[in-house]
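Chemist: Pasting entry_0.txt below, which is compact mmCIF, C-alpha atoms.
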```txt
# COMPACT_ATOMS: atom_id res chain seq x y z
CA MET D 177 -32.56 -29.13 11.51
CA THR D 178 -35.16 -29.27 8.73
CA SER D 179 -38.87 -30.05 8.99
CA ARG D 180 -40.19 -33.62 8.99
CA ARG D 181 -42.23 -32.76 5.92
CA LEU D 182 -39.09 -31.82 3.99
CA GLU D 183 -37.38 -35.07 4.96
CA ALA D 184 -39.95 -36.99 2.91
CA VAL D 185 -39.19 -35.01 -0.26
CA LYS D 186 -36.71 -36.35 -2.80
CA PRO D 187 -34.42 -34.07 -4.81
CA SER D 188 -35.29 -33.74 -8.50
CA ALA D 189 -33.48 -36.49 -10.42
CA THR D 190 -33.73 -34.53 -13.67
CA MET D 191 -32.14 -31.46 -12.10
CA ALA D 192 -29.43 -33.58 -10.48
CA MET D 193 -28.50 -35.28 -13.76
CA THR D 194 -28.51 -31.97 -15.62
CA ALA D 195 -26.28 -30.39 -12.97
CA ARG D 196 -23.81 -33.28 -13.20
CA ALA D 197 -23.74 -33.02 -17.01
CA ILE D 198 -23.01 -29.28 -16.74
CA GLN D 199 -20.21 -29.95 -14.26
CA LEU D 200 -18.59 -32.52 -16.56
CA ARG D 201 -18.79 -30.10 -19.47
CA ARG D 202 -17.01 -27.48 -17.39
CA GLU D 203 -14.30 -30.05 -16.79
CA GLY D 204 -13.84 -30.33 -20.54
CA ARG D 205 -15.85 -33.51 -21.17
CA ASP D 206 -17.89 -33.94 -24.37
CA ILE D 207 -21.37 -34.57 -22.96
CA VAL D 208 -24.60 -35.00 -24.91
CA SER D 209 -27.51 -34.26 -22.60
CA LEU D 210 -30.75 -36.14 -23.13
CA SER D 211 -31.87 -35.32 -19.60
CA VAL D 212 -33.11 -31.76 -19.77
CA GLY D 213 -36.71 -31.03 -20.70
CA GLU D 214 -36.38 -27.89 -22.77
CA PRO D 215 -36.38 -27.00 -26.48
CA ASP D 216 -32.98 -26.18 -27.97
CA PHE D 217 -34.53 -23.38 -30.05
CA PRO D 218 -34.01 -19.69 -29.22
CA VAL D 219 -36.98 -17.53 -28.25
CA PHE D 220 -38.96 -16.48 -31.28
CA PRO D 221 -37.98 -13.12 -32.85
CA HIS D 222 -41.21 -11.32 -31.93
CA VAL D 223 -40.82 -12.50 -28.32
CA GLU D 224 -37.24 -11.26 -28.22
CA GLN D 225 -38.42 -7.91 -29.57
CA ALA D 226 -41.12 -7.68 -26.90
CA LEU D 227 -38.54 -8.36 -24.20
CA SER D 228 -36.29 -5.61 -25.49
CA GLU D 229 -39.19 -3.20 -25.80
CA ALA D 230 -40.37 -3.93 -22.26
CA LEU D 231 -36.87 -3.27 -20.93
CA ARG D 232 -36.61 -0.05 -22.92
CA LYS D 233 -39.94 1.16 -21.55
CA GLY D 234 -38.88 0.41 -18.00
CA TYR D 235 -41.33 -2.41 -17.28
CA THR D 236 -39.06 -3.68 -14.52
CA LYS D 237 -41.17 -2.96 -11.43
CA TYR D 238 -43.52 -5.09 -9.37
CA THR D 239 -46.81 -6.02 -11.00
CA ALA D 240 -50.02 -7.36 -9.51
CA SER D 241 -49.19 -10.66 -7.84
CA ASN D 242 -51.38 -12.63 -10.25
CA GLY D 243 -49.95 -10.90 -13.34
CA ILE D 244 -50.69 -7.86 -15.46
CA ILE D 245 -54.20 -7.61 -16.86
CA GLU D 246 -52.86 -7.57 -20.45
CA LEU D 247 -51.32 -10.99 -19.90
CA ARG D 248 -54.33 -12.53 -18.20
CA GLU D 249 -56.56 -11.28 -21.01
CA ALA D 250 -54.14 -12.76 -23.56
CA ILE D 251 -54.23 -16.07 -21.66
CA SER D 252 -58.04 -15.96 -21.64
CA ASP D 253 -58.14 -15.49 -25.42
CA TRP D 254 -55.47 -18.14 -26.02
CA MET D 255 -57.24 -20.70 -23.85
CA PHE D 256 -60.55 -20.03 -25.58
CA ARG D 257 -58.85 -20.62 -28.93
CA GLU D 258 -57.18 -23.83 -27.74
CA VAL D 259 -59.76 -25.37 -25.40
CA SER D 260 -63.01 -23.58 -26.41
CA VAL D 261 -63.58 -22.53 -22.79
CA ARG D 262 -63.48 -18.92 -21.62
CA TRP D 263 -62.21 -17.83 -18.21
CA PRO D 264 -62.44 -14.19 -17.07
CA ALA D 265 -59.17 -12.55 -16.06
CA GLY D 266 -60.11 -12.85 -12.39
CA GLN D 267 -60.03 -16.65 -12.70
CA ILE D 268 -56.52 -16.71 -14.15
CA ILE D 269 -53.21 -16.50 -12.31
CA ALA D 270 -49.83 -16.01 -14.00
CA THR D 271 -46.96 -17.80 -12.24
CA SER D 272 -43.21 -18.30 -12.46
CA GLY D 273 -43.58 -21.30 -14.74
CA ALA D 274 -46.26 -23.98 -14.89
CA LYS D 275 -44.40 -25.79 -12.11
CA GLN D 276 -45.21 -23.00 -9.68
CA ALA D 277 -48.85 -23.07 -10.73
CA LEU D 278 -49.01 -26.77 -9.86
CA TYR D 279 -47.24 -26.17 -6.55
CA ASN D 280 -49.55 -23.27 -5.68
CA ALA D 281 -52.54 -25.48 -6.42
CA CYS D 282 -51.29 -28.28 -4.19
CA MET D 283 -50.65 -25.84 -1.35
CA ALA D 284 -54.07 -24.26 -1.80
CA LEU D 285 -56.01 -27.53 -2.03
CA LEU D 286 -54.32 -30.16 0.15
CA ASP D 287 -54.31 -30.65 3.90
CA GLU D 288 -52.74 -33.20 6.24
CA GLY D 289 -54.45 -36.55 5.70
CA ASP D 290 -55.63 -35.74 2.17
CA GLU D 291 -54.72 -37.90 -0.80
CA ALA D 292 -53.82 -36.94 -4.36
CA VAL D 293 -54.00 -39.55 -7.12
CA ILE D 294 -51.26 -39.31 -9.74
CA PRO D 295 -50.66 -41.67 -12.68
CA ASN D 296 -47.42 -43.68 -12.60
CA PRO D 297 -45.11 -43.04 -14.49
CA TYR D 298 -45.30 -39.46 -13.25
CA TRP D 299 -43.32 -36.27 -13.63
CA VAL D 300 -40.76 -36.30 -10.83
CA SER D 301 -42.20 -33.23 -9.07
CA TYR D 302 -45.82 -34.38 -8.72
CA PRO D 303 -45.45 -36.62 -5.63
CA GLU D 304 -43.00 -34.22 -4.00
CA MET D 305 -45.42 -31.29 -4.35
CA VAL D 306 -48.12 -33.40 -2.75
CA ARG D 307 -45.83 -34.34 0.13
CA LEU D 308 -44.75 -30.72 0.65
CA ALA D 309 -48.42 -29.87 1.07
CA GLY D 310 -48.65 -32.51 3.80
CA ALA D 311 -50.78 -34.92 1.78
CA LYS D 312 -50.18 -38.44 0.49
CA PRO D 313 -49.59 -39.28 -3.19
CA ILE D 314 -51.53 -42.33 -4.39
CA GLU D 315 -50.21 -43.94 -7.57
CA LEU D 316 -52.48 -44.95 -10.44
CA VAL D 317 -50.26 -47.54 -12.13
CA LEU D 318 -50.35 -47.38 -15.93
CA ARG D 319 -49.32 -50.16 -18.30
CA GLN D 320 -47.05 -49.99 -21.32
CA GLU D 321 -49.31 -52.45 -23.14
CA ASP D 322 -52.11 -49.86 -22.80
CA GLN D 323 -49.86 -47.20 -24.37
CA TRP D 324 -49.63 -45.69 -20.86
CA ALA D 325 -53.34 -44.79 -20.87
CA PRO D 326 -55.30 -45.25 -17.62
CA ARG D 327 -58.10 -47.73 -17.18
CA PRO D 328 -61.11 -45.98 -15.64
CA GLU D 329 -61.83 -48.93 -13.34
CA ASP D 330 -58.32 -48.67 -11.90
CA LEU D 331 -58.88 -45.01 -11.07
CA GLU D 332 -62.26 -45.69 -9.48
CA ARG D 333 -60.70 -48.28 -7.13
CA LEU D 334 -58.23 -45.69 -5.83
CA LEU D 335 -60.65 -42.84 -5.14
CA THR D 336 -61.77 -42.59 -1.51
CA PRO D 337 -63.37 -39.96 0.76
CA ARG D 338 -59.79 -38.79 1.46
CA THR D 339 -59.06 -38.09 -2.22
CA ARG D 340 -58.85 -34.36 -2.80
CA VAL D 341 -56.93 -34.05 -6.10
CA PHE D 342 -56.45 -36.00 -9.32
CA MET D 343 -53.32 -34.60 -11.01
CA PHE D 344 -52.20 -35.71 -14.48
CA SER D 345 -50.61 -34.65 -17.75
CA SER D 346 -51.50 -35.58 -21.31
CA PRO D 347 -49.24 -35.36 -23.28
CA SER D 348 -47.21 -36.97 -20.55
CA ASN D 349 -43.81 -36.37 -19.11
CA PRO D 350 -42.07 -38.87 -19.13
CA THR D 351 -43.88 -41.24 -21.51
CA GLY D 352 -45.05 -38.84 -24.21
CA ALA D 353 -48.43 -40.61 -24.12
CA VAL D 354 -51.46 -38.66 -25.34
CA TRP D 355 -54.70 -39.99 -23.92
CA SER D 356 -57.43 -40.46 -26.49
CA ALA D 357 -60.76 -38.67 -26.27
CA GLU D 358 -62.36 -42.00 -25.35
CA THR D 359 -59.88 -42.48 -22.49
CA VAL D 360 -60.39 -38.95 -21.17
CA ARG D 361 -64.16 -39.38 -21.41
CA GLY D 362 -63.93 -42.60 -19.37
CA ILE D 363 -61.85 -40.87 -16.71
CA ALA D 364 -64.34 -37.99 -16.60
CA ARG D 365 -67.23 -40.42 -16.04
CA VAL D 366 -65.43 -41.83 -13.00
CA LEU D 367 -64.62 -38.38 -11.61
CA GLU D 368 -68.26 -37.33 -11.92
CA LYS D 369 -69.03 -39.90 -9.20
CA PHE D 370 -66.64 -38.18 -6.77
CA PRO D 371 -67.73 -34.53 -6.58
CA LYS D 372 -65.16 -33.55 -3.92
CA VAL D 373 -62.18 -34.40 -6.14
CA ILE D 374 -60.46 -31.42 -7.80
CA ILE D 375 -58.99 -32.11 -11.24
CA LEU D 376 -55.54 -30.64 -11.83
CA SER D 377 -54.66 -30.94 -15.53
CA ASP D 378 -51.06 -30.16 -16.54
CA ASP D 379 -51.32 -29.27 -20.24
CA ILE D 380 -47.82 -27.86 -20.76
CA TYR D 381 -47.07 -30.13 -23.76
CA ASP D 382 -50.45 -29.88 -25.49
CA ARG D 383 -49.06 -28.08 -28.57
CA LEU D 384 -46.32 -30.68 -29.10
CA VAL D 385 -48.08 -33.69 -30.63
CA TYR D 386 -47.15 -35.88 -33.60
CA GLY D 387 -48.52 -38.15 -36.29
CA GLY D 388 -51.79 -36.24 -36.59
CA VAL D 389 -52.65 -36.89 -32.93
CA LYS D 390 -54.56 -34.19 -31.04
CA ALA D 391 -54.40 -33.66 -27.29
CA THR D 392 -57.90 -33.82 -25.81
CA ASN D 393 -58.52 -31.60 -22.82
CA ILE D 394 -60.86 -32.97 -20.16
CA LEU D 395 -63.15 -29.93 -20.42
CA GLN D 396 -63.59 -30.54 -24.14
CA VAL D 397 -65.32 -33.86 -23.41
CA ALA D 398 -66.72 -33.09 -19.95
CA PRO D 399 -67.52 -29.36 -19.67
CA GLN D 400 -69.72 -30.15 -16.67
CA LEU D 401 -66.49 -30.58 -14.64
CA LYS D 402 -65.42 -26.97 -15.14
CA ASP D 403 -66.40 -25.90 -11.62
CA ARG D 404 -63.76 -28.23 -10.13
CA THR D 405 -61.07 -28.31 -12.81
CA VAL D 406 -57.84 -26.30 -12.87
CA LEU D 407 -55.98 -26.16 -16.19
CA VAL D 408 -52.26 -25.41 -16.01
CA ASN D 409 -50.15 -24.34 -18.98
CA GLY D 410 -47.29 -22.02 -19.86
CA CYS D 411 -44.80 -20.68 -22.37
CA SER D 412 -41.83 -22.91 -21.54
CA LYS D 413 -42.27 -25.79 -23.97
CA ALA D 414 -44.29 -24.59 -26.97
CA TYR D 415 -42.63 -21.16 -27.08
CA ALA D 416 -39.08 -22.21 -26.08
CA MET D 417 -39.17 -19.86 -23.07
CA THR D 418 -38.06 -22.22 -20.27
CA GLY D 419 -35.70 -19.80 -18.54
CA LEU D 420 -38.19 -16.94 -18.67
CA ARG D 421 -40.41 -18.86 -16.23
CA LEU D 422 -43.94 -17.94 -17.24
CA GLY D 423 -46.88 -20.24 -16.58
CA TRP D 424 -50.52 -19.90 -15.62
CA ALA D 425 -53.58 -21.59 -14.22
CA CYS D 426 -57.26 -21.15 -15.07
CA GLY D 427 -59.99 -22.44 -12.80
CA PRO D 428 -62.80 -21.80 -10.34
CA ALA D 429 -62.63 -18.39 -8.66
CA GLU D 430 -62.24 -19.79 -5.12
CA ILE D 431 -59.33 -22.05 -6.06
CA ILE D 432 -57.54 -19.38 -8.09
CA ALA D 433 -57.97 -16.97 -5.16
CA GLY D 434 -56.41 -19.58 -2.88
CA MET D 435 -53.50 -20.04 -5.27
CA ASN D 436 -53.01 -16.29 -5.33
CA LYS D 437 -52.80 -16.28 -1.51
CA VAL D 438 -49.96 -18.80 -1.77
CA GLN D 439 -48.24 -16.66 -4.37
CA ASP D 440 -48.71 -13.48 -2.33
CA ALA D 441 -46.99 -15.17 0.60
CA SER D 442 -44.12 -16.65 -1.41
CA THR D 443 -42.86 -15.31 -4.73
CA SER D 444 -45.32 -12.54 -5.58
CA ASN D 445 -45.52 -11.72 -9.30
CA PRO D 446 -43.65 -13.57 -12.04
CA SER D 447 -40.97 -11.56 -13.86
CA SER D 448 -42.44 -8.38 -15.31
CA LEU D 449 -40.33 -8.72 -18.45
CA SER D 450 -41.42 -12.33 -18.93
CA GLN D 451 -45.04 -11.30 -18.66
CA HIS D 452 -44.70 -8.85 -21.55
CA ALA D 453 -42.82 -11.50 -23.54
CA ALA D 454 -45.67 -13.93 -22.91
CA VAL D 455 -48.23 -11.47 -24.25
CA ALA D 456 -46.22 -11.34 -27.49
CA ALA D 457 -45.92 -15.12 -27.60
CA LEU D 458 -49.63 -15.74 -27.11
CA ARG D 459 -50.91 -12.95 -29.35
CA GLY D 460 -48.16 -13.03 -31.97
CA PRO D 461 -47.60 -15.32 -34.97
CA GLN D 462 -47.95 -19.01 -34.18
CA GLU D 463 -46.09 -20.36 -37.22
CA PRO D 464 -42.81 -20.72 -35.25
CA VAL D 465 -44.56 -23.12 -32.87
CA GLU D 466 -45.55 -25.37 -35.76
CA ALA D 467 -42.08 -25.16 -37.31
CA MET D 468 -40.52 -26.26 -34.02
CA ARG D 469 -43.07 -29.04 -33.56
CA ALA D 470 -42.29 -30.36 -37.06
CA GLN D 471 -38.58 -30.48 -36.22
CA PHE D 472 -39.31 -32.40 -33.03
CA GLU D 473 -41.36 -34.90 -35.02
CA LYS D 474 -38.40 -35.58 -37.33
CA ARG D 475 -36.10 -35.98 -34.35
CA ARG D 476 -38.54 -38.37 -32.71
CA HIS D 477 -38.43 -40.64 -35.76
CA LEU D 478 -34.64 -40.53 -35.84
CA MET D 479 -34.11 -41.35 -32.17
CA VAL D 480 -36.66 -44.17 -32.16
CA ASP D 481 -35.15 -45.72 -35.29
CA LEU D 482 -31.64 -45.63 -33.81
CA LEU D 483 -32.73 -46.91 -30.40
CA ARG D 484 -34.47 -49.88 -31.99
CA GLN D 485 -31.13 -50.94 -33.42
CA VAL D 486 -29.68 -51.32 -29.92
CA ARG D 487 -29.98 -54.89 -28.74
CA GLY D 488 -31.78 -55.13 -25.41
CA VAL D 489 -33.66 -51.82 -25.79
CA ASP D 490 -37.39 -51.55 -26.51
CA ALA D 491 -38.41 -48.10 -27.76
CA HIS D 492 -41.84 -46.87 -28.89
CA ALA D 493 -42.56 -43.58 -30.64
CA PRO D 494 -44.40 -41.17 -28.31
CA ASP D 495 -47.42 -39.23 -29.55
CA GLY D 496 -46.47 -36.04 -27.70
CA ALA D 497 -43.96 -34.05 -25.61
CA PHE D 498 -40.29 -34.60 -26.55
CA TYR D 499 -39.28 -37.67 -24.59
CA ILE D 500 -38.85 -41.35 -25.34
CA PHE D 501 -39.48 -43.55 -22.31
CA ALA D 502 -37.48 -46.53 -23.50
CA ASN D 503 -37.41 -49.95 -21.84
CA PHE D 504 -33.81 -50.86 -20.97
CA ALA D 505 -34.71 -53.88 -18.83
CA GLY D 506 -33.01 -56.13 -21.38
CA LEU D 507 -29.64 -54.63 -20.39
CA LEU D 508 -30.07 -55.04 -16.64
CA SER D 509 -28.45 -57.92 -14.75
CA ARG D 510 -25.55 -57.81 -17.18
CA LYS D 511 -22.11 -56.82 -15.95
CA TYR D 512 -20.00 -53.76 -16.61
CA ARG D 513 -16.33 -54.14 -15.79
CA GLY D 514 -17.20 -57.19 -13.73
CA GLU D 515 -19.94 -55.49 -11.66
CA PRO D 516 -23.66 -56.21 -12.11
CA VAL D 517 -25.80 -53.43 -13.59
CA ALA D 518 -28.82 -53.99 -11.39
CA THR D 519 -30.78 -50.75 -11.88
CA THR D 520 -31.40 -48.13 -14.54
CA GLN D 521 -29.97 -45.57 -12.13
CA ARG D 522 -26.65 -47.41 -12.31
CA LEU D 523 -26.98 -47.68 -16.09
CA ALA D 524 -27.62 -43.93 -16.30
CA GLU D 525 -24.49 -43.28 -14.24
CA ILE D 526 -22.39 -45.47 -16.57
CA LEU D 527 -23.81 -43.75 -19.64
CA LEU D 528 -22.95 -40.33 -18.26
CA GLU D 529 -19.59 -40.91 -16.60
CA ASP D 530 -18.04 -43.33 -19.11
CA PHE D 531 -19.88 -42.67 -22.38
CA GLY D 532 -20.82 -38.99 -22.14
CA VAL D 533 -24.63 -39.28 -22.42
CA ALA D 534 -26.95 -37.80 -19.78
CA THR D 535 -30.28 -39.58 -19.31
CA VAL D 536 -32.73 -39.94 -16.42
CA SER D 537 -33.54 -43.25 -14.77
CA GLY D 538 -37.12 -44.43 -14.96
CA SER D 539 -37.08 -44.95 -11.19
CA ALA D 540 -37.23 -41.14 -10.82
CA PHE D 541 -40.62 -41.31 -12.55
CA GLY D 542 -41.79 -44.29 -10.49
CA ARG D 543 -40.91 -46.97 -13.02
CA GLU D 544 -37.75 -49.07 -12.86
CA GLY D 545 -36.36 -50.60 -16.05
CA PHE D 546 -36.77 -47.48 -18.20
CA LEU D 547 -34.69 -44.46 -19.17
CA ARG D 548 -36.14 -41.13 -20.26
CA LEU D 549 -34.35 -39.61 -23.24
CA SER D 550 -35.16 -36.16 -24.58
CA PHE D 551 -35.07 -35.57 -28.34
CA ALA D 552 -35.15 -31.78 -27.92
CA ILE D 553 -31.60 -31.64 -29.28
CA SER D 554 -30.06 -31.45 -32.76
CA GLU D 555 -30.09 -34.41 -35.13
CA ALA D 556 -26.28 -34.49 -35.01
CA ASP D 557 -26.35 -34.80 -31.23
CA ILE D 558 -29.05 -37.47 -31.41
CA ARG D 559 -26.85 -39.54 -33.72
CA LYS D 560 -23.83 -39.04 -31.47
CA ALA D 561 -25.79 -39.97 -28.34
CA MET D 562 -27.34 -43.07 -29.89
CA GLU D 563 -23.93 -44.27 -31.11
CA ARG D 564 -22.69 -43.97 -27.52
CA VAL D 565 -25.73 -45.76 -26.12
CA ALA D 566 -25.08 -48.59 -28.58
CA ARG D 567 -21.41 -48.76 -27.50
CA CYS D 568 -22.45 -48.86 -23.87
CA ALA D 569 -24.91 -51.70 -24.52
CA ALA D 570 -22.26 -53.63 -26.44
CA SER D 571 -19.79 -53.25 -23.53
CA LEU D 572 -22.10 -55.06 -21.10
CA GLU D 573 -21.25 -58.71 -20.55
```
What is this structure when it is put down as structure tokens?

Modeler:
Amino acid sequence: MTSRRLEAVKPSATMAMTARAIQLRREGRDIVSLSVGEPDFPVFPHVEQALSEALRKGYTKYTASNGIIELREAISDWMFREVSVRWPAGQIIATSGAKQALYNACMALLDEGDEAVIPNPYWVSYPEMVRLAGAKPIELVLRQEDQWAPRPEDLERLLTPRTRVFMFSSPSNPTGAVWSAETVRGIARVLEKFPKVIILSDDIYDRLVYGGVKATNILQVAPQLKDRTVLVNGCSKAYAMTGLRLGWACGPAEIIAGMNKVQDASTSNPSSLSQHAAVAALRGPQEPVEAMRAQFEKRRHLMVDLLRQVRGVDAHAPDGAFYIFANFAGLLSRKYRGEPVATTQRLAEILLEDFGVATVSGSAFGREGFLRLSFAISEADIRKAMERVARCAASLE
């Protein structure tokens, strides 16, 4: 009954695990969720005030499909402050979350027979967006021993006349890796040789970095690529506004116009109230962002320290985002209640159903043997979850 294109698309593993955790909680189970990718902080007070004010003033009607001019101007100023590149409002589109911006870009750029190169491990939605657009995802395999940074020569081997898009994120979901300026510069040198490739940079975690690390944007080291680079960002992660669904993209006028065509034909404008909240977030005080980032850094240390005490688990501290992509391969091939635990998907099921901890299998991100664990939860819940992970590991024969 459904299209052949849809048959090739896999459901989101993160959404499925989160939904199952919610269901178990409704049944009265004590579940600690490490699966969801959202801050546990409330929206900042000035953002809450802007929401209330927008509702009071009746800003509840349709807006321009690409967003109100006040928001796109605020995005332009914010991006100039963060990336040192200025886009006019006409080259900016506001979307219902950064995810929609990425989807709009794939639909606007990719045709049947095209290829899009994505680093592996990847965010679960990248290959599915490419497939929905009728194109083929090509995986650039990264190595843990390289701290999940790409080797330029590996990328160059994958690029062909069919390559239309290179899509990546740094900081990364799921690994938390932040590519160094040297790495980004090496990637840019390769991309310069392939002028038909559009660069789609997902920067949603760029404010959440740790240990003095700074996220380097590709246009900061290769401004000559601006005419074929689309930068995607949003309010979800840094401003704890996940449910308000407000993202954006900045890029060449022709591509942004194409993305707006997709949006016109699908969702139209993002929430009017969320747009006004985003203006407050981007133009208002930024101290709450730093306070939240500092809390995440403490939680990162705590989770890594506790994971390293679990025999059979190899955990490294990420430089960004709020995930630990831990190697659980040392626990596989053991038995649980007499049955082999052959995959991390099975291990994730055991952790959730029998120990009350929701995680996401690395296979959902293209890499078996790993689990993604979010530390965007309280320290008390981190301790509870890690105690349960340790009990689970100890129960394997």

Chemist: Could you check which of D:Ser447, D:Cys282, D:Val208, D:Val385 is closest to D:Leu231, using all atoms listed in the file?

Modeler: D:Ser447

Chemist: Could you give me, as a tab-separated table, every stretch 207-287 of chain D residue with an atom at most 7 Å from stretch 406-426 of chain D, plus its closest atom pair and distance in Å to one decimal, counting all atoms listed in the file, rows ordered by chain then number?

Modeler:
```
residue	atom	partner	partner_atom	distance
D:Glu214	CA	D:Lys413	CA	6.4
D:Pro215	CA	D:Ala416	CA	5.5
D:Phe217	CA	D:Ala416	CA	6.2
D:Pro218	CA	D:Ala416	CA	6.5
D:Val219	CA	D:Ala416	CA	5.6
D:Trp263	CA	D:Cys426	CA	6.7
D:Gln267	CA	D:Cys426	CA	5.8
D:Ile268	CA	D:Cys426	CA	4.6
D:Ile269	CA	D:Ala425	CA	5.4
D:Ala270	CA	D:Trp424	CA	4.3
D:Thr271	CA	D:Gly423	CA	5.0
D:Ser272	CA	D:Arg421	CA	4.7
D:Gly273	CA	D:Gly423	CA	3.9
D:Ala274	CA	D:Gly423	CA	4.2
D:Ala277	CA	D:Ala425	CA	6.1
```

Chemist: Which of these residues is nearest to D:Ser209, using all atoms listed in the file: D:Ala197, D:Val366, D:Ala311, D:Gln320?

Modeler: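 The answer is D:Ala197, which sits nearest to D:Ser209.
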
Chemist: What's around D:Met562 at 7 Å? Count all atoms listed in the file, leave out sequence neighbours fewer than 4 positions away in its own chain, and write the answer as a list of chain:residue names.

Modeler: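 Within the cut-off, the hits are D:Leu482, D:Leu483, D:Ile558, D:Ala566.
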
Chemist: Nearest to D:Gly427: which of D:Arg196, D:Arg333, D:Arg319, D:Lys402 is it, counting all atoms listed in the file?

Modeler: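 Between D:Arg196, D:Arg333, D:Arg319, D:Lys402, the residue approaching D:Gly427 most closely is D:Lys402.
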
Chemist: What is the distance between atom CA of D:Val465 and atom CA of D:Asp216, in Å to one decimal?

Modeler: 12.9 Å

Chemist: Have a look at D:Leu376, D:Cys568, D:Ala391, D:Val480 and name the one nearest to D:Leu523; count all atoms listed in the file.

Modeler: D:Cys568

Chemist: Please determine, counting all atoms listed in the file, which residue among D:Leu210, D:Glu329, D:Trp299, D:Ala281 has the shortest atom-to-atom distance to D:Ile375.

Modeler: D:Ala281

Chemist: Could you tell me which of D:Lys275, D:Ala184, D:Leu285, D:Pro516 comes closest to D:Ile432 if we count only C-alpha atoms?

Modeler: D:Leu285

Chemist: Excluding D:Ser442 and any residue of its chain fewer than 5 positions from it, enumerate the residues within 12 Å of it, using all atoms listed in the file, and give them as a PyMOL selection string.

Modeler: chain D and resi 241+271-272+276+279-280+283+435-437

Chemist: Please return, as number ranges by chain, all polymer residues that have at least one atom within 12 Å of the point (-64.4, -30.7, -20.2); use only C-alpha atoms and the file's own coordinate frame.

Modeler: D: 259-262, 357, 360-365, 367-368, 375, 377, 392-407, 427

Chemist: In Å, rounded to a single decimal, give me how far atom CA of D:Thr339 is from atom CA of D:Val293.

Modeler: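 According to the coordinates, atom CA of D:Val293 and atom CA of D:Thr339 are separated by 7.2 Å.
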